[in-house]
Amino acid sequence: MSGEFATQRLPLAIYLHATGHLRFLRTEAGGNNKLWFVFQDDQHSGPQLELEFDRGAVVSARNIFSSQTYLRRQMSDAENQTIGAPKNVGNPR
């Protein structure tokens, strides 16, 4: 069974993507106009990686900027899909 790790923290998502520790799967719309960044986490290492990030883990600037650009594109795509999504689907008035 595959596990997933999700966060709404963009800097953490950038770190996880930049290091390659977890494979990025998708973004999902969350409540309060926020997005979830979802990563494959079969080893359930996400919480430990988050702790390492909070403690100041180091990643090359090139990887950070590349991952930031990629994830911002994913955010824009997810936000555009949410904006264009029909409201009250399956709930006729």
# chains A, B, ... in the order shown; residues from 1 in each chain; ligands from 1
$ residues_around --residues "segment 13-18 of chain A" --least-positions-apart "6" --cutoff "10 Å" --atoms "only C-alpha atoms" --output "ChimeraX atom specification"
/A:6-7,24,36-39,46,49-50,53,57-72
$ select_by_dssp --residues "chain A" --states "helix (DSSP H, G or I)" --output "ChimeraX atom specification"
/A:10-19,46-54,61-84
$ atom_distance --atom1 "atom CA of Asp77 of chain A" --atom2 "atom CA of Glu28 of chain A"
10.3 Å
$ closest_residue --among "A:Gly3, A:Gly30, A:Gly20, A:Pro47" --to "Met75 of chain A" --atoms "only C-alpha atoms"
A:Gly30
$ closest_residue --among "A:Gln8, A:Ala78, A:Leu22, A:Arg73" --to "His44 of chain A" --atoms "only C-alpha atoms"
A:Leu22
$ closest_residue --among "A:Lys34, A:Leu25, A:Asp54, A:Ser45" --to "Pro11 of chain A" --atoms "only C-alpha atoms"
A:Asp54
$ atom_distance --atom1 "atom CA of Leu12 of chain A" --atom2 "atom CA of Glu79 of chain A"
19.2 Å
$ select_by_dssp --residues "chain A" --states "strand (DSSP E)" --output "list in words"
Glu4, Phe5, Ala6, Thr7, Arg23, Phe24, Leu25, Arg26, Thr27, Glu28, Ala29, Leu35, Trp36, Phe37, Val38, Phe39 and Gln40 of chain A
$ write_last_selection --atoms "N, CA, C and O atoms" --output "compact mmCIF listing (two decimals), in the first residue's frame"
# COMPACT_ATOMS: atom_id res chain seq x y z
N GLU A 4 1.05 8.58 1.41
CA GLU A 4 1.21 9.94 0.90
C GLU A 4 1.49 10.88 2.05
O GLU A 4 1.06 10.64 3.18
N PHE A 5 2.23 11.93 1.75
CA PHE A 5 2.49 13.00 2.70
C PHE A 5 2.00 14.27 2.03
O PHE A 5 2.32 14.55 0.88
N ALA A 6 1.20 15.06 2.74
CA ALA A 6 0.65 16.29 2.18
C ALA A 6 0.95 17.46 3.11
O ALA A 6 0.98 17.31 4.33
N THR A 7 1.20 18.61 2.51
CA THR A 7 1.46 19.83 3.27
C THR A 7 0.85 21.01 2.54
O THR A 7 0.73 20.99 1.31
N ARG A 23 8.61 11.90 -3.95
CA ARG A 23 8.16 12.19 -5.32
C ARG A 23 6.87 12.99 -5.27
O ARG A 23 5.90 12.58 -4.64
N PHE A 24 6.88 14.14 -5.95
CA PHE A 24 5.70 14.99 -6.01
C PHE A 24 4.64 14.30 -6.86
O PHE A 24 4.92 13.82 -7.96
N LEU A 25 3.39 14.27 -6.33
CA LEU A 25 2.29 13.64 -7.06
C LEU A 25 1.33 14.64 -7.67
O LEU A 25 0.98 14.55 -8.84
N ARG A 26 0.88 15.63 -6.84
CA ARG A 26 -0.16 16.53 -7.33
C ARG A 26 -0.41 17.65 -6.32
O ARG A 26 0.04 17.58 -5.19
N THR A 27 -1.17 18.63 -6.78
CA THR A 27 -1.73 19.64 -5.87
C THR A 27 -3.22 19.39 -5.79
O THR A 27 -3.84 18.93 -6.76
N GLU A 28 -3.79 19.68 -4.63
CA GLU A 28 -5.23 19.52 -4.42
C GLU A 28 -5.77 20.76 -3.75
O GLU A 28 -5.10 21.36 -2.90
N ALA A 29 -6.96 21.15 -4.14
CA ALA A 29 -7.61 22.28 -3.51
C ALA A 29 -7.97 21.92 -2.08
O ALA A 29 -8.45 20.82 -1.81
N LEU A 35 -3.97 25.36 -1.02
CA LEU A 35 -3.69 24.15 -1.78
C LEU A 35 -2.88 23.18 -0.95
O LEU A 35 -2.07 23.58 -0.11
N TRP A 36 -3.08 21.90 -1.20
CA TRP A 36 -2.26 20.85 -0.61
C TRP A 36 -1.26 20.38 -1.65
O TRP A 36 -1.61 20.18 -2.81
N PHE A 37 -0.02 20.21 -1.25
CA PHE A 37 1.01 19.61 -2.08
C PHE A 37 1.14 18.16 -1.60
O PHE A 37 1.44 17.92 -0.42
N VAL A 38 0.92 17.23 -2.50
CA VAL A 38 0.87 15.81 -2.12
C VAL A 38 2.07 15.08 -2.72
O VAL A 38 2.35 15.20 -3.92
N PHE A 39 2.76 14.33 -1.87
CA PHE A 39 3.96 13.59 -2.25
C PHE A 39 3.76 12.12 -1.94
O PHE A 39 3.08 11.75 -0.98
N GLN A 40 4.40 11.28 -2.74
CA GLN A 40 4.41 9.84 -2.46
C GLN A 40 5.35 9.61 -1.28
O GLN A 40 6.49 10.10 -1.27
$ decode --residues "segment 7-31 of chain A" --atoms "N, CA, C and O atoms" --output "compact mmCIF listing (two decimals), in the first residue's frame"
# COMPACT_ATOMS: atom_id res chain seq x y z
N THR A 7 1.20 18.61 2.51
CA THR A 7 1.46 19.83 3.27
C THR A 7 0.85 21.01 2.54
O THR A 7 0.73 20.99 1.31
N GLN A 8 0.50 22.03 3.29
CA GLN A 8 0.05 23.28 2.71
C GLN A 8 1.18 24.32 2.74
O GLN A 8 1.00 25.43 2.26
N ARG A 9 2.31 23.94 3.27
CA ARG A 9 3.47 24.84 3.40
C ARG A 9 4.29 24.83 2.10
O ARG A 9 5.01 23.87 1.82
N LEU A 10 4.19 25.90 1.33
CA LEU A 10 4.93 25.98 0.07
C LEU A 10 6.44 25.82 0.27
O LEU A 10 7.07 25.05 -0.48
N PRO A 11 7.07 26.49 1.24
CA PRO A 11 8.52 26.30 1.40
C PRO A 11 8.91 24.84 1.68
O PRO A 11 9.92 24.35 1.16
N LEU A 12 8.12 24.14 2.47
CA LEU A 12 8.39 22.72 2.73
C LEU A 12 8.23 21.91 1.46
O LEU A 12 9.05 21.03 1.16
N ALA A 13 7.19 22.19 0.70
CA ALA A 13 6.97 21.47 -0.56
C ALA A 13 8.14 21.70 -1.52
O ALA A 13 8.60 20.77 -2.18
N ILE A 14 8.62 22.93 -1.58
CA ILE A 14 9.76 23.24 -2.43
C ILE A 14 10.98 22.44 -1.98
O ILE A 14 11.70 21.85 -2.80
N TYR A 15 11.22 22.40 -0.68
CA TYR A 15 12.34 21.63 -0.13
C TYR A 15 12.23 20.15 -0.50
O TYR A 15 13.19 19.54 -0.98
N LEU A 16 11.06 19.56 -0.29
CA LEU A 16 10.88 18.14 -0.58
C LEU A 16 11.09 17.85 -2.06
O LEU A 16 11.71 16.85 -2.43
N HIS A 17 10.58 18.73 -2.91
CA HIS A 17 10.75 18.55 -4.35
C HIS A 17 12.21 18.75 -4.75
O HIS A 17 12.75 17.97 -5.54
N ALA A 18 12.85 19.77 -4.20
CA ALA A 18 14.23 20.09 -4.56
C ALA A 18 15.21 18.99 -4.15
O ALA A 18 16.18 18.73 -4.86
N THR A 19 14.97 18.38 -3.01
CA THR A 19 15.88 17.33 -2.54
C THR A 19 15.62 15.99 -3.21
O THR A 19 16.49 15.13 -3.24
N GLY A 20 14.40 15.80 -3.69
CA GLY A 20 14.04 14.52 -4.29
C GLY A 20 13.78 13.43 -3.28
O GLY A 20 13.66 12.26 -3.64
N HIS A 21 13.68 13.80 -2.00
CA HIS A 21 13.42 12.80 -0.97
C HIS A 21 12.06 12.12 -1.17
O HIS A 21 11.92 10.93 -0.92
N LEU A 22 11.07 12.89 -1.60
CA LEU A 22 9.74 12.35 -1.86
C LEU A 22 9.33 12.76 -3.28
O LEU A 22 9.66 13.86 -3.72
N ARG A 23 8.61 11.90 -3.95
CA ARG A 23 8.16 12.19 -5.32
C ARG A 23 6.87 12.99 -5.27
O ARG A 23 5.90 12.58 -4.64
N PHE A 24 6.88 14.14 -5.95
CA PHE A 24 5.70 14.99 -6.01
C PHE A 24 4.64 14.30 -6.86
O PHE A 24 4.92 13.82 -7.96
N LEU A 25 3.39 14.27 -6.33
CA LEU A 25 2.29 13.64 -7.06
C LEU A 25 1.33 14.64 -7.67
O LEU A 25 0.98 14.55 -8.84
N ARG A 26 0.88 15.63 -6.84
CA ARG A 26 -0.16 16.53 -7.33
C ARG A 26 -0.41 17.65 -6.32
O ARG A 26 0.04 17.58 -5.19
N THR A 27 -1.17 18.63 -6.78
CA THR A 27 -1.73 19.64 -5.87
C THR A 27 -3.22 19.39 -5.79
O THR A 27 -3.84 18.93 -6.76
N GLU A 28 -3.79 19.68 -4.63
CA GLU A 28 -5.23 19.52 -4.42
C GLU A 28 -5.77 20.76 -3.75
O GLU A 28 -5.10 21.36 -2.90
N ALA A 29 -6.96 21.15 -4.14
CA ALA A 29 -7.61 22.28 -3.51
C ALA A 29 -7.97 21.92 -2.08
O ALA A 29 -8.45 20.82 -1.81
N GLY A 30 -7.70 22.85 -1.18
CA GLY A 30 -8.06 22.67 0.22
C GLY A 30 -9.05 23.75 0.63
O GLY A 30 -9.50 24.54 -0.20
N GLY A 31 -9.39 23.79 1.88
CA GLY A 31 -10.28 24.82 2.38
C GLY A 31 -9.59 26.16 2.48
O GLY A 31 -8.37 26.26 2.40
